[in-house]
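Structure first, then comments.
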Amino acid sequence: MNYQELAQTIIEKIGGKQNISGLTHCATRLRFNLKDEQAAETDKLKNTAGVMGVVSKGGQYQVIIGSDVGSVYKEILKEVPSLDGEQTVSDEKDDRGTASKIIDTITGIFTPILPAITAAGMLKAVLSLLVVFNAIDKTGQTYIIIDFMADSAFYFLPILLAASSAQKFKTNMYLAMMVGGILLHPNFVGMVNAIKEAGEGGIHLFGLPISAVTYGSSVIPIILAVWFMSYIEPIADKVSPKAIKFFSKPLITIAIVGTVSLVVIGPVGYFISDGISNGIKALENFSPWLVPTIIGALTPLFVATGTHYGLVPIGINNRMTTGYDSVIYPGMLASNLGQGAASLAVGVKSKESSIKQVAASAGLTGLFGITEPALYGVNLKYKTPLYAAMIGGGIGGLFMGITRVKNFTGGSPGLLTLPSYIGDDTLRHLYMACIGAVISIVISFVISYILYKDPVIETSNVPAKKSEDIHSSDISAITEVATPIKGEVVALSVVEDGMFSEEILGKGFAVKPVEGVVYAPVSGIVTAIFDSKHAIGLTSDSGVELLIHIGIDTVQLNGDGYKYFVEKGQNVEIGDKLIEFDLEKIAEKGYNIITPVVVTNSADFGDIITLTKALSEPGEQVMKVIR
């Protein structure tokens with residue numbers, strides 16, 4: 001995949017650089033804030049190679065890429081440097097609904113800190129496992145050191161959230177982190193502990209009372225404090241004389257925000273966090289199975305709309321206040337595994353190679369906690385796997401709710417994070433989580449396998465013609481593709497690149513060149529050229545879209561050794577020279593020069609037949625594309 005080209009295409013099809021007001025990304029999605037979503041060419045973007053889907057929900061325009069999202073994100077930042085670090089400021093009116101704004105804010109705040117929380121959570125899981133199997137002593141230095149390493153992300157969570165909140169609220173990140181430091185400072189914590197031990201007295205700042213509560217591992221207080229700071233900082237900027245603004249602006253900001261955070265915002269945020277925690281406990285005592293069941297069944301719909309990020313802070317808050325989460329993450333685990341299993345069933349049952357490969361790959365990814373490929377590439381597309389996933393996820397969530405499974409450390413819910421259910425110095429929650437996982441996987445797989453049917457290709461009602469009745473006018477249903485390069489014609493399966501060998505980009509063949517010249521294999525138009533000159537895209541007169549890719553990973557040569565003889569939009573005939581390349585020079589630099597020739601719109605055709613040949617001359621017919 002050429003990340004630079006994909007990034008440029010995405011920017012172009014969402015309305016250009018000027019239409020982007022903000023950008024973040026999660027494990028599989030680019031999350032844009034667009035000034036005008038109507039300017040985006042959504043249908044064309046969905047059909048772009050490398051894009052698995054597009055959804056506009058929760059105040060964000062989300063482009064689903066898959067596991068390569070980080071690489072595409074970096075290329076977009078190169079194209080639009082102003083997005084690096086923090087979102088750009090837009091003066092245009094934001095006419096999104098309140099719910100969309102809230103979801104967008106929550107997503108923007110929590111997405112950047114998830115890697116730190118996940119790392120800390122997995123360290124905790126490993127530590128619990130070592131204790132359960134008596135591998136280390138809880139009183140030893142090894143335990144203590146690993147424990148504080150893991151606790152660092154949780155305890156200093158307010159500082160992490162301060163940084164991401166500052167980016168979202170467009171205020172100074174370092175001042176925001178300083179506010180987080182104020183709430184966590186050892187002297188303040190010591191004063192609070194002294195008050196609690198004495199059972200009397202209080203803390204005052206200029207006579208203003210400060211509640212004796214600590215904010216380590218808290219979530220809501222710092223978010224509210226940084227939101228408040230986003231209003232105070234501009235005021236401090238206006239009232240500060242220009243000559244001394246460099247120090248007066250931050251002084252005024254921190255003096256006001258620090259004071260108000262300790263006196264008002266902190267206690268209010270603590271009260272809200274405590275209220276949410278107590279509410280969850282009450283719900284758990286009344287009906288422990290209800291919420292995990294609902295989340296297990298409906299999370300696919302939450303993910304499709306982007307609203308699942310509204311649940312993440314609740315799970316985090318539960319773990320920070322009570323030490324575990326028994327409602328959000330267990331339900332999400334059941335849902336994710338159900339989605340992965342439903343997609344995997346499609347991969348097992350389907351007889352269409354393209355569907356089989358996509359569904360199997362997306363299914364495995366879903367089982368490991370990343371469900372977007374399965375959701376958008378398979379389950380939503382074919383419907384029955386979605387129903388199966390919702391049923392299996394709901395029943396798995398029901399079981400984990402009834403058994404009161406506890407998640408202690410979070411992470412992306414999937415098989416890899418099952419150790420996050422190790423805690424309380426027991427393996428019971430892990431065992432129950434594993435059983436719930438099996439329930440979700442088995443039920444979703446079986447139902448999906450039973451219900452799924454390959455899509456039927458619509459055919460004409462006109463009676464089939466006998467071979468002797470076929471005239472030249474019918475030949476347009478078959479497009480013949482010639483060898484573009486002199487060399488050995490082989491199957492795509494021998495190409496050492498999964499994008500080609502697994503036919504993810506489409507069906508076709510490959511050539512092992514013995515000559516460094518590429519000729520047009522069809523008559524048509526040049527539809528894609530690249531700065532690296534290592535590939536070219538053609539569309540035949542009959543609508544067959546071809547990609548000729550000279551070598552593997554040769555994009556890194558940046559065009560060295562390649563020369564175009566055509567331009568984008570130029571009409572070509574079979575046999576016209578397209579590219580010259582230095583075969584020996586490229587091989588000497590260590591690159592495999594095998595050249596895949598792929599029909600990128602393979603799904604639009606009924607069948608594609610290829611031949612292999614020991615030595616083929618340019619112009620010889622080696623592939624038939626049948627409509």
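Here's how to read the names in the structure tokens: chain A, B, ... by the order shown, residue numbers from 1 in each chain, ligand numbers from 1 in the order shown.
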Shell of 6 Å around Ala520 of chain A, only C-alpha atoms, local chain residues under 5 positions omitted, as a list in words: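 Counting only the stated atoms, we get Pro484, Ile574, Gly575 and Asp576 of chain A.
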I'd like the contact shell of Tyr231 of chain A - 10 Å cut-off, only C-alpha atoms, skipping same-chain residues fewer than 3 positions apart - returned as a list in words.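 What passes the distance filter is Phe169, Lys170, Thr171, Val226, Trp227, Phe228, Pro234, Ile235, Ala236, Thr253 and Val257 of chain A.
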Output file for the residues above (N, CA, C and O atoms, as a short mmCIF file (atom, residue, chain, number, x, y, z; two decimals), in the first residue's frame):
```
data_model
loop_
_atom_site.label_atom_id
_atom_site.label_comp_id
_atom_site.auth_asym_id
_atom_site.auth_seq_id
_atom_site.Cartn_x
_atom_site.Cartn_y
_atom_site.Cartn_z
N PHE A 169 -9.58 21.03 23.82
CA PHE A 169 -10.19 22.31 24.16
C PHE A 169 -9.39 23.50 23.64
O PHE A 169 -9.73 24.65 23.91
N LYS A 170 -8.28 23.18 22.94
CA LYS A 170 -7.44 24.21 22.30
C LYS A 170 -6.92 25.24 23.30
O LYS A 170 -7.10 26.44 23.16
N THR A 171 -6.26 24.71 24.32
CA THR A 171 -5.62 25.57 25.31
C THR A 171 -4.20 25.06 25.54
O THR A 171 -3.83 24.00 25.04
N VAL A 226 -9.56 21.65 32.85
CA VAL A 226 -8.96 22.11 31.58
C VAL A 226 -10.01 22.79 30.71
O VAL A 226 -9.71 23.78 30.02
N TRP A 227 -11.23 22.30 30.76
CA TRP A 227 -12.32 22.97 30.02
C TRP A 227 -12.50 24.39 30.55
O TRP A 227 -12.65 25.34 29.77
N PHE A 228 -12.45 24.54 31.87
CA PHE A 228 -12.56 25.86 32.48
C PHE A 228 -11.37 26.74 32.06
O PHE A 228 -11.53 27.93 31.77
N PRO A 234 -7.89 32.81 27.35
CA PRO A 234 -8.11 33.94 26.44
C PRO A 234 -8.35 35.25 27.18
O PRO A 234 -7.93 36.33 26.72
N ILE A 235 -9.04 35.17 28.32
CA ILE A 235 -9.28 36.38 29.12
C ILE A 235 -7.95 36.91 29.66
O ILE A 235 -7.69 38.12 29.63
N ALA A 236 -7.11 35.99 30.16
CA ALA A 236 -5.80 36.40 30.67
C ALA A 236 -4.96 37.03 29.56
O ALA A 236 -4.20 37.99 29.81
N THR A 253 -3.56 32.83 34.48
CA THR A 253 -4.28 31.59 34.15
C THR A 253 -4.17 30.57 35.26
O THR A 253 -5.17 30.02 35.74
N VAL A 257 -7.19 29.28 37.62
CA VAL A 257 -7.63 27.90 37.37
C VAL A 257 -7.21 26.98 38.51
O VAL A 257 -7.98 26.12 38.94
#
```
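Residue nearest Leu130 of chain A, chosen from A:Ala482, A:Ile146, A:Val51, A:Ile439 and counting only C-alpha atoms: A:Ile146.
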Secondary structure check, strand (DSSP E) residues of segment 355-588 of chain A, as a PyMOL selection string: chain A and resi 478-482+487-491+507-513+517-519+524-529+535-540+545-549+562-564+571-572+577-581
What lies within 9 Å of Met178 of chain A using only C-alpha atoms, ignoring chain neighbours under 6 positions off, as a list in words?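 Surrounding residues, per the criterion: Ile159, Ala162, Ile254 and Gly258 of chain A.
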